[in-house]
Each structure stands twice: as structure tokens, then as C-alpha cells.
$ cat my_file.cif   # mmCIF, N, CA and C atoms
data_run
#
loop_
_atom_site.label_atom_id
_atom_site.label_comp_id
_atom_site.auth_asym_id
_atom_site.auth_seq_id
_atom_site.Cartn_x
_atom_site.Cartn_y
_atom_site.Cartn_z
N MET A 1 17.51 21.37 -26.61
CA MET A 1 17.33 20.06 -26.01
C MET A 1 16.19 19.35 -26.75
N SER A 2 16.35 18.06 -26.98
CA SER A 2 15.35 17.28 -27.72
C SER A 2 14.10 17.06 -26.88
N ASP A 3 13.00 16.68 -27.57
CA ASP A 3 11.76 16.36 -26.86
C ASP A 3 11.99 15.21 -25.89
N TYR A 4 12.81 14.22 -26.32
CA TYR A 4 13.10 13.08 -25.44
C TYR A 4 13.72 13.56 -24.13
N HIS A 5 14.74 14.43 -24.21
CA HIS A 5 15.40 14.92 -23.01
C HIS A 5 14.48 15.79 -22.18
N ASN A 6 13.61 16.56 -22.81
CA ASN A 6 12.65 17.35 -22.05
C ASN A 6 11.71 16.45 -21.27
N ARG A 7 11.21 15.37 -21.89
CA ARG A 7 10.34 14.42 -21.19
C ARG A 7 11.10 13.73 -20.07
N LEU A 8 12.34 13.33 -20.32
CA LEU A 8 13.14 12.67 -19.31
C LEU A 8 13.36 13.59 -18.12
N ASN A 9 13.72 14.84 -18.37
CA ASN A 9 13.93 15.79 -17.29
C ASN A 9 12.64 16.06 -16.52
N ALA A 10 11.51 16.10 -17.21
CA ALA A 10 10.23 16.30 -16.53
C ALA A 10 9.96 15.15 -15.57
N ASP A 11 10.29 13.91 -15.97
CA ASP A 11 10.10 12.77 -15.08
C ASP A 11 10.98 12.88 -13.85
N LEU A 12 12.21 13.34 -14.03
CA LEU A 12 13.14 13.44 -12.92
C LEU A 12 12.80 14.59 -11.98
N GLU A 13 12.01 15.52 -12.43
CA GLU A 13 11.74 16.72 -11.65
C GLU A 13 10.48 16.61 -10.80
N THR A 14 9.81 15.49 -10.80
CA THR A 14 8.59 15.34 -10.03
C THR A 14 8.65 14.07 -9.20
N GLY A 15 7.76 13.97 -8.24
CA GLY A 15 7.72 12.78 -7.42
C GLY A 15 6.73 12.94 -6.28
N TRP A 16 6.98 12.17 -5.24
CA TRP A 16 6.09 12.11 -4.09
C TRP A 16 6.91 12.25 -2.81
N CYS A 17 6.27 12.73 -1.77
CA CYS A 17 6.91 12.86 -0.47
C CYS A 17 6.00 12.25 0.58
N LEU A 18 6.56 11.41 1.42
CA LEU A 18 5.88 10.91 2.60
C LEU A 18 6.54 11.62 3.78
N GLU A 19 5.77 12.42 4.49
CA GLU A 19 6.36 13.24 5.55
C GLU A 19 5.49 13.21 6.79
N GLY A 20 6.15 13.13 7.93
CA GLY A 20 5.44 13.11 9.20
C GLY A 20 6.41 12.90 10.34
N SER A 21 6.00 12.07 11.31
CA SER A 21 6.86 11.82 12.46
C SER A 21 6.69 10.39 12.96
N ASP A 22 7.71 9.94 13.70
CA ASP A 22 7.66 8.60 14.27
C ASP A 22 7.09 8.67 15.69
N GLY A 23 7.09 7.55 16.39
CA GLY A 23 6.52 7.48 17.73
C GLY A 23 7.23 8.33 18.76
N ASP A 24 8.49 8.69 18.50
CA ASP A 24 9.24 9.56 19.40
C ASP A 24 9.20 11.02 18.96
N ASP A 25 8.33 11.33 18.02
CA ASP A 25 8.14 12.66 17.48
C ASP A 25 9.34 13.17 16.68
N ASN A 26 10.14 12.24 16.15
CA ASN A 26 11.23 12.59 15.24
C ASN A 26 10.65 12.76 13.84
N ARG A 27 11.14 13.76 13.13
CA ARG A 27 10.65 14.03 11.77
C ARG A 27 11.08 12.91 10.82
N VAL A 28 10.16 12.48 9.97
CA VAL A 28 10.44 11.47 8.95
C VAL A 28 10.06 12.09 7.60
N ARG A 29 10.97 12.01 6.64
CA ARG A 29 10.69 12.54 5.30
C ARG A 29 11.30 11.59 4.28
N LEU A 30 10.45 10.98 3.47
CA LEU A 30 10.88 10.05 2.43
C LEU A 30 10.49 10.61 1.07
N LEU A 31 11.45 10.73 0.17
CA LEU A 31 11.19 11.24 -1.16
C LEU A 31 11.23 10.10 -2.17
N ILE A 32 10.25 10.08 -3.05
CA ILE A 32 10.14 9.05 -4.08
C ILE A 32 10.03 9.76 -5.42
N GLY A 33 11.06 9.68 -6.25
CA GLY A 33 11.02 10.29 -7.57
C GLY A 33 10.18 9.46 -8.52
N ASP A 34 9.51 10.12 -9.46
CA ASP A 34 8.70 9.40 -10.43
C ASP A 34 9.53 8.42 -11.26
N THR A 35 10.77 8.81 -11.59
CA THR A 35 11.65 7.91 -12.35
C THR A 35 11.98 6.68 -11.51
N GLN A 36 12.32 6.89 -10.25
CA GLN A 36 12.62 5.78 -9.33
C GLN A 36 11.42 4.85 -9.23
N LEU A 37 10.25 5.41 -9.09
CA LEU A 37 9.03 4.63 -8.98
C LEU A 37 8.74 3.87 -10.27
N GLY A 38 8.97 4.50 -11.40
CA GLY A 38 8.73 3.86 -12.68
C GLY A 38 9.66 2.69 -12.95
N ARG A 39 10.87 2.75 -12.42
CA ARG A 39 11.85 1.67 -12.63
C ARG A 39 11.63 0.50 -11.68
N ALA A 40 10.88 0.71 -10.61
CA ALA A 40 10.62 -0.34 -9.63
C ALA A 40 9.38 -1.11 -10.05
N THR A 41 9.56 -2.11 -10.87
CA THR A 41 8.45 -2.86 -11.46
C THR A 41 7.46 -3.34 -10.41
N LEU A 42 7.95 -3.87 -9.31
CA LEU A 42 7.07 -4.39 -8.25
C LEU A 42 6.78 -3.35 -7.18
N GLY A 43 7.35 -2.17 -7.29
CA GLY A 43 7.16 -1.13 -6.29
C GLY A 43 8.37 -0.99 -5.40
N LEU A 44 8.32 -0.01 -4.51
CA LEU A 44 9.39 0.26 -3.57
C LEU A 44 8.97 -0.21 -2.19
N THR A 45 9.88 -0.85 -1.47
CA THR A 45 9.58 -1.38 -0.15
C THR A 45 10.03 -0.40 0.91
N LEU A 46 9.17 -0.17 1.90
CA LEU A 46 9.48 0.68 3.05
C LEU A 46 9.55 -0.20 4.27
N GLY A 47 10.49 0.08 5.14
CA GLY A 47 10.62 -0.67 6.38
C GLY A 47 11.83 -0.23 7.16
N ARG A 48 12.12 -0.96 8.20
CA ARG A 48 13.18 -0.61 9.14
C ARG A 48 14.54 -1.16 8.73
N HIS A 49 14.59 -2.16 7.87
CA HIS A 49 15.84 -2.84 7.53
C HIS A 49 16.40 -2.32 6.21
N GLY A 50 17.54 -1.65 6.28
CA GLY A 50 18.15 -1.03 5.11
C GLY A 50 18.51 -1.98 3.99
N ALA A 51 18.90 -3.20 4.31
CA ALA A 51 19.29 -4.16 3.28
C ALA A 51 18.07 -4.77 2.58
N LEU A 52 16.92 -4.71 3.20
CA LEU A 52 15.71 -5.31 2.64
C LEU A 52 14.77 -4.30 1.99
N CYS A 53 15.01 -3.00 2.22
CA CYS A 53 14.06 -1.98 1.79
C CYS A 53 14.71 -0.90 0.95
N ASP A 54 13.89 -0.31 0.09
CA ASP A 54 14.33 0.82 -0.71
C ASP A 54 14.31 2.11 0.09
N LEU A 55 13.36 2.25 1.00
CA LEU A 55 13.20 3.43 1.85
C LEU A 55 13.13 2.97 3.30
N VAL A 56 13.97 3.58 4.15
CA VAL A 56 14.10 3.12 5.54
C VAL A 56 13.41 4.09 6.50
N VAL A 57 12.63 3.51 7.41
CA VAL A 57 12.00 4.24 8.51
C VAL A 57 12.58 3.67 9.79
N GLU A 58 13.36 4.48 10.49
CA GLU A 58 14.04 4.01 11.70
C GLU A 58 13.13 4.17 12.91
N ASP A 59 12.18 3.26 13.02
CA ASP A 59 11.23 3.24 14.12
C ASP A 59 11.04 1.77 14.50
N PRO A 60 11.27 1.42 15.76
CA PRO A 60 11.16 0.00 16.16
C PRO A 60 9.77 -0.58 15.99
N THR A 61 8.73 0.25 15.85
CA THR A 61 7.37 -0.27 15.65
C THR A 61 7.07 -0.55 14.17
N VAL A 62 8.02 -0.22 13.29
CA VAL A 62 7.90 -0.49 11.86
C VAL A 62 8.59 -1.82 11.58
N SER A 63 7.97 -2.69 10.82
CA SER A 63 8.55 -3.99 10.50
C SER A 63 9.76 -3.84 9.58
N ARG A 64 10.58 -4.88 9.55
CA ARG A 64 11.76 -4.85 8.68
C ARG A 64 11.36 -4.59 7.23
N ARG A 65 10.32 -5.24 6.76
CA ARG A 65 9.70 -4.99 5.44
C ARG A 65 8.23 -4.74 5.72
N HIS A 66 7.84 -3.49 5.76
CA HIS A 66 6.51 -3.14 6.26
C HIS A 66 5.48 -2.90 5.17
N LEU A 67 5.87 -2.17 4.12
CA LEU A 67 4.91 -1.67 3.15
C LEU A 67 5.56 -1.58 1.78
N ARG A 68 4.75 -1.74 0.76
CA ARG A 68 5.23 -1.56 -0.61
C ARG A 68 4.39 -0.47 -1.26
N ILE A 69 5.07 0.45 -1.94
CA ILE A 69 4.40 1.50 -2.69
C ILE A 69 4.81 1.36 -4.14
N GLY A 70 3.84 1.39 -5.03
CA GLY A 70 4.14 1.23 -6.45
C GLY A 70 3.16 2.01 -7.31
N ARG A 71 3.37 1.89 -8.60
CA ARG A 71 2.48 2.56 -9.55
C ARG A 71 1.90 1.49 -10.46
N GLY A 72 0.58 1.46 -10.53
CA GLY A 72 -0.12 0.50 -11.37
C GLY A 72 -0.98 1.22 -12.39
N SER A 73 -1.86 0.50 -13.01
CA SER A 73 -2.71 1.07 -14.06
C SER A 73 -3.65 2.15 -13.53
N GLU A 74 -3.99 2.10 -12.25
CA GLU A 74 -4.89 3.09 -11.66
C GLU A 74 -4.16 4.16 -10.86
N GLY A 75 -2.84 4.20 -10.96
CA GLY A 75 -2.07 5.20 -10.23
C GLY A 75 -1.26 4.59 -9.10
N LEU A 76 -0.94 5.40 -8.12
CA LEU A 76 -0.13 4.99 -6.99
C LEU A 76 -0.91 4.06 -6.08
N PHE A 77 -0.21 3.05 -5.52
CA PHE A 77 -0.87 2.14 -4.59
C PHE A 77 0.04 1.82 -3.41
N ALA A 78 -0.55 1.38 -2.32
CA ALA A 78 0.17 0.91 -1.14
C ALA A 78 -0.30 -0.50 -0.83
N GLU A 79 0.62 -1.31 -0.32
CA GLU A 79 0.30 -2.70 0.01
C GLU A 79 1.08 -3.09 1.27
N ASP A 80 0.36 -3.42 2.33
CA ASP A 80 1.01 -3.91 3.55
C ASP A 80 1.63 -5.27 3.24
N THR A 81 2.85 -5.49 3.70
CA THR A 81 3.55 -6.74 3.40
C THR A 81 3.49 -7.70 4.60
N ASN A 82 2.32 -7.77 5.23
CA ASN A 82 2.07 -8.62 6.38
C ASN A 82 2.92 -8.17 7.58
N SER A 83 2.95 -6.86 7.80
CA SER A 83 3.73 -6.28 8.89
C SER A 83 3.12 -6.66 10.24
N LEU A 84 3.96 -6.68 11.27
CA LEU A 84 3.52 -7.07 12.60
C LEU A 84 2.49 -6.09 13.17
N ASN A 85 2.77 -4.79 13.08
CA ASN A 85 1.87 -3.78 13.65
C ASN A 85 0.86 -3.23 12.66
N GLY A 86 0.89 -3.70 11.43
CA GLY A 86 -0.08 -3.30 10.44
C GLY A 86 0.16 -1.91 9.86
N THR A 87 -0.64 -1.61 8.84
CA THR A 87 -0.60 -0.31 8.16
C THR A 87 -2.02 0.22 8.09
N LEU A 88 -2.17 1.51 8.39
CA LEU A 88 -3.46 2.17 8.28
C LEU A 88 -3.41 3.19 7.16
N LEU A 89 -4.48 3.29 6.40
CA LEU A 89 -4.66 4.33 5.40
C LEU A 89 -5.85 5.16 5.85
N ASP A 90 -5.58 6.39 6.25
CA ASP A 90 -6.62 7.28 6.79
C ASP A 90 -7.42 6.60 7.90
N GLY A 91 -6.72 5.87 8.76
CA GLY A 91 -7.34 5.22 9.92
C GLY A 91 -7.91 3.84 9.67
N ALA A 92 -7.99 3.39 8.42
CA ALA A 92 -8.52 2.06 8.11
C ALA A 92 -7.37 1.09 7.87
N ARG A 93 -7.43 -0.05 8.53
CA ARG A 93 -6.36 -1.05 8.42
C ARG A 93 -6.33 -1.69 7.04
N LEU A 94 -5.13 -1.77 6.47
CA LEU A 94 -4.95 -2.45 5.19
C LEU A 94 -4.84 -3.95 5.42
N ARG A 95 -5.44 -4.71 4.54
CA ARG A 95 -5.27 -6.16 4.58
C ARG A 95 -3.94 -6.50 3.93
N PRO A 96 -3.19 -7.43 4.52
CA PRO A 96 -1.89 -7.79 3.93
C PRO A 96 -2.02 -8.24 2.48
N PHE A 97 -1.10 -7.76 1.68
CA PHE A 97 -0.95 -8.14 0.27
C PHE A 97 -2.17 -7.78 -0.60
N GLU A 98 -2.97 -6.80 -0.17
CA GLU A 98 -4.08 -6.30 -0.98
C GLU A 98 -3.83 -4.82 -1.28
N PRO A 99 -3.36 -4.51 -2.50
CA PRO A 99 -3.03 -3.12 -2.83
C PRO A 99 -4.26 -2.22 -2.76
N VAL A 100 -4.05 -0.99 -2.25
CA VAL A 100 -5.10 0.02 -2.21
C VAL A 100 -4.57 1.29 -2.87
N LYS A 101 -5.46 2.01 -3.51
CA LYS A 101 -5.08 3.21 -4.24
C LYS A 101 -4.68 4.33 -3.27
N LEU A 102 -3.59 5.02 -3.60
CA LEU A 102 -3.15 6.18 -2.84
C LEU A 102 -3.48 7.45 -3.59
N TYR A 103 -3.50 8.55 -2.90
CA TYR A 103 -3.83 9.85 -3.47
C TYR A 103 -3.14 10.92 -2.63
N GLU A 104 -3.00 12.08 -3.21
CA GLU A 104 -2.37 13.18 -2.51
C GLU A 104 -3.18 13.51 -1.26
N GLY A 105 -2.49 13.63 -0.13
CA GLY A 105 -3.14 13.92 1.13
C GLY A 105 -3.45 12.69 1.96
N ALA A 106 -3.23 11.50 1.39
CA ALA A 106 -3.47 10.26 2.13
C ALA A 106 -2.55 10.18 3.34
N GLN A 107 -3.07 9.66 4.44
CA GLN A 107 -2.27 9.50 5.65
C GLN A 107 -2.02 8.01 5.89
N LEU A 108 -0.74 7.63 5.89
CA LEU A 108 -0.34 6.25 6.15
C LEU A 108 0.24 6.17 7.55
N THR A 109 -0.19 5.15 8.30
CA THR A 109 0.36 4.91 9.63
C THR A 109 1.04 3.55 9.60
N LEU A 110 2.35 3.56 9.85
CA LEU A 110 3.16 2.35 9.91
C LEU A 110 3.64 2.22 11.34
N GLY A 111 3.08 1.29 12.11
CA GLY A 111 3.43 1.22 13.52
C GLY A 111 3.04 2.53 14.18
N ALA A 112 4.04 3.22 14.79
CA ALA A 112 3.79 4.51 15.43
C ALA A 112 4.15 5.69 14.53
N THR A 113 4.61 5.41 13.31
CA THR A 113 4.99 6.46 12.37
C THR A 113 3.79 6.87 11.53
N ILE A 114 3.53 8.16 11.47
CA ILE A 114 2.41 8.69 10.69
C ILE A 114 2.97 9.59 9.60
N LEU A 115 2.62 9.25 8.35
CA LEU A 115 3.15 9.96 7.18
C LEU A 115 2.02 10.42 6.29
N THR A 116 2.16 11.62 5.74
CA THR A 116 1.18 12.16 4.79
C THR A 116 1.83 12.23 3.42
N LEU A 117 1.09 11.78 2.41
CA LEU A 117 1.59 11.73 1.03
C LEU A 117 1.27 13.04 0.31
N SER A 118 2.28 13.61 -0.33
CA SER A 118 2.07 14.83 -1.12
C SER A 118 2.88 14.76 -2.40
N ARG A 119 2.45 15.49 -3.38
CA ARG A 119 3.14 15.59 -4.68
C ARG A 119 4.19 16.68 -4.55
N VAL A 120 5.37 16.46 -5.11
CA VAL A 120 6.44 17.46 -5.03
C VAL A 120 7.04 17.71 -6.40
N ALA A 121 7.72 18.82 -6.53
CA ALA A 121 8.41 19.21 -7.76
C ALA A 121 9.91 19.17 -7.52
N GLU A 122 10.66 19.56 -8.52
CA GLU A 122 12.12 19.46 -8.52
C GLU A 122 12.76 20.04 -7.27
N SER A 123 12.34 21.20 -6.81
CA SER A 123 13.00 21.86 -5.68
C SER A 123 12.98 21.00 -4.42
N ALA A 124 11.92 20.23 -4.20
CA ALA A 124 11.83 19.40 -3.02
C ALA A 124 12.62 18.11 -3.16
N LEU A 125 12.83 17.63 -4.39
CA LEU A 125 13.56 16.39 -4.60
C LEU A 125 15.07 16.59 -4.58
N ALA A 126 15.52 17.80 -4.78
CA ALA A 126 16.96 18.07 -4.84
C ALA A 126 17.62 17.94 -3.49
#
$ encode --input "my_file.cif" --output "C-alpha cells"
Amino acid sequence: MSDYHNRLNADLETGWCLEGSDGDDNRVRLLIGDTQLGRATLGLTLGRHGALCDLVVEDPTVSRRHLRIGRGSEGLFAEDTNSLNGTLLDGARLRPFEPVKLYEGAQLTLGATILTLSRVAESALA
């Protein structure tokens, strides 16, 4: 296999996981592949509305378009999209449309849904 294909496969084999529970204690698990994230120039949108978002959280306390996650020059970032119930990062409220840096272990609260960010490898993305 060529170096190009090895690099491509390495990109496809890694990513991020947002995992936790919603307000009714239902498990929520969202997987974001590095390739998917790299192709989303403006980032990926999370929210309750499937037609408006890349990743759906089925919780009535989550806005239709609640949060954007992307990759910038300083790494992964989150940006509240002026959601009704707001977004918290480790308990601190995000200001709408002001990106903040994310890191492994960060806890995001969207309405009543609480998610923890972790790095994953191929086995978890499959």
C-alpha cells in the first residue's frame, strides 16, 4: 500500500466521541471521524433537527441547531449557535458564536444532555 493510502487510512481510523446521557437518562453517543471533521470546512452542527444538523441529539431541551464543532488552527473547537438553553463547557456557559477550544475529557452540556469528549481509534468508529 502506498504512503498516500496509509495516511488516508490513518485519518479514517481515528476520531472523537461525545458520550453521555440526556435528561431522561438515555445514553447518547456521537462519533465524529477525523476525515468527516476535516471535510466540514465550517464544522459539524449538533442539534435536535435531522435536516439542519450533521449530528442529532434527540432531547427536547436541545435546540434544533444547538452547537457547532470544528477543527481550526488551534485544534478542536465548540461554538454555541445561539441555542435557547445554552451550552456549557465544564460548567461555564459559552457565549453564542464565540468558539472555544475543546480537549479530551471536556464536558459539554447541551440543554439537559451531558456529553464527555474523548479520542477514539478505529474499533470504536466501526
$ closest_residue --input "my_file.cif" --among "A:Gly70, A:Asp34, A:Ala112, A:Arg95" --to "Ser83 in chain A" --atoms "all atoms listed in the file"
A:Arg95
$ resolve_selection --input "my_file.cif" --expression "the PyMOL selection byres (((chain A and resi 113 and name CA) around 6) and name CA)" --output "ChimeraX atom specification"
/A:21-23,109-112,114
$ atom_distance --input "my_file.cif" --atom1 "CA of Leu102 in chain A" --atom2 "CA of Arg68 in chain A"
11.6 Å
$ resolve_selection --input "my_file.cif" --expression "the PyMOL selection byres ((chain A and resi 71) around 7)" --output "PyMOL selection string"
chain A and resi 37-38+40-44+69-70+72-77
$ closest_atom_pairs --input "my_file.cif" --of "range 4-66 of chain A" --to "range 116-119 of chain A" --cutoff "6 Å" --atoms "only N, CA and C atoms" --output "tab-separated table"
residue	atom	partner	partner_atom	distance
A:Gly15	C	A:Arg119	CA	4.7
A:Trp16	CA	A:Ser118	C	4.5
A:Cys17	N	A:Ser118	C	4.0
A:Leu18	CA	A:Thr116	C	4.3
A:Glu19	C	A:Thr116	N	3.8
A:Gly20	N	A:Thr116	N	4.8
$ atom_distance --input "my_file.cif" --atom1 "atom N of Glu104 in chain A" --atom2 "CA of Ala51 in chain A"
28.3 Å
$ closest_residue --input "my_file.cif" --among "A:Leu52, A:Leu67, A:Val120, A:Ala106" --to "Asp80 in chain A" --atoms "only C-alpha atoms"
A:Leu67
$ select_by_dssp --input "my_file.cif" --residues "chain A" --states "strand (DSSP E)" --output "VMD selection string"
chain A and resid 15 to 21 27 to 33 44 to 47 55 to 56 67 to 72 75 to 80 87 to 89 92 to 93 100 to 101 107 to 110 113 to 120
$ closest_residue --input "my_file.cif" --among "A:Thr87, A:Thr14, A:Thr45, A:Ala78" --to "Val100 in chain A" --atoms "only C-alpha atoms"
A:Ala78
$ residues_near_point --input "my_file.cif" --point "(10.8, -5.8, 5.4)" --cutoff "6 Å" --atoms "all atoms listed in the file" --output "tab-separated table (two decimals) with N, CA and C atoms, in the coordinates of the input"
chain	number	residue	atom	x	y	z
A	46	LEU	N	9.17	-0.17	1.90
A	46	LEU	CA	9.48	0.68	3.05
A	46	LEU	C	9.55	-0.20	4.27
A	47	GLY	N	10.49	0.08	5.14
A	47	GLY	CA	10.62	-0.67	6.38
A	47	GLY	C	11.83	-0.23	7.16
A	48	ARG	N	12.12	-0.96	8.20
A	48	ARG	CA	13.18	-0.61	9.14
A	48	ARG	C	14.54	-1.16	8.73
A	49	HIS	N	14.59	-2.16	7.87
A	49	HIS	CA	15.84	-2.84	7.53
A	49	HIS	C	16.40	-2.32	6.21
A	52	LEU	N	16.92	-4.71	3.20
A	52	LEU	CA	15.71	-5.31	2.64
A	52	LEU	C	14.77	-4.30	1.99
A	53	CYS	N	15.01	-3.00	2.22
A	53	CYS	CA	14.06	-1.98	1.79
A	53	CYS	C	14.71	-0.90	0.95
A	63	SER	N	7.97	-2.69	10.82
A	63	SER	CA	8.55	-3.99	10.50
A	63	SER	C	9.76	-3.84	9.58
A	64	ARG	N	10.58	-4.88	9.55
A	64	ARG	CA	11.76	-4.85	8.68
A	64	ARG	C	11.36	-4.59	7.23
A	65	ARG	N	10.32	-5.24	6.76
A	65	ARG	CA	9.70	-4.99	5.44
A	65	ARG	C	8.23	-4.74	5.72
A	66	HIS	N	7.84	-3.49	5.76
A	66	HIS	CA	6.51	-3.14	6.26
A	66	HIS	C	5.48	-2.90	5.17
$ axis_aligned_box --input "my_file.cif" --around "range 59-64 of chain A" --padding-each-side "6 Å" --output "lines of an AutoDock Vina configuration file"
center_x = 9.6
center_y = -0.8
center_z = 11.7
size_x = 17.1
size_y = 20.1
size_z = 20.9
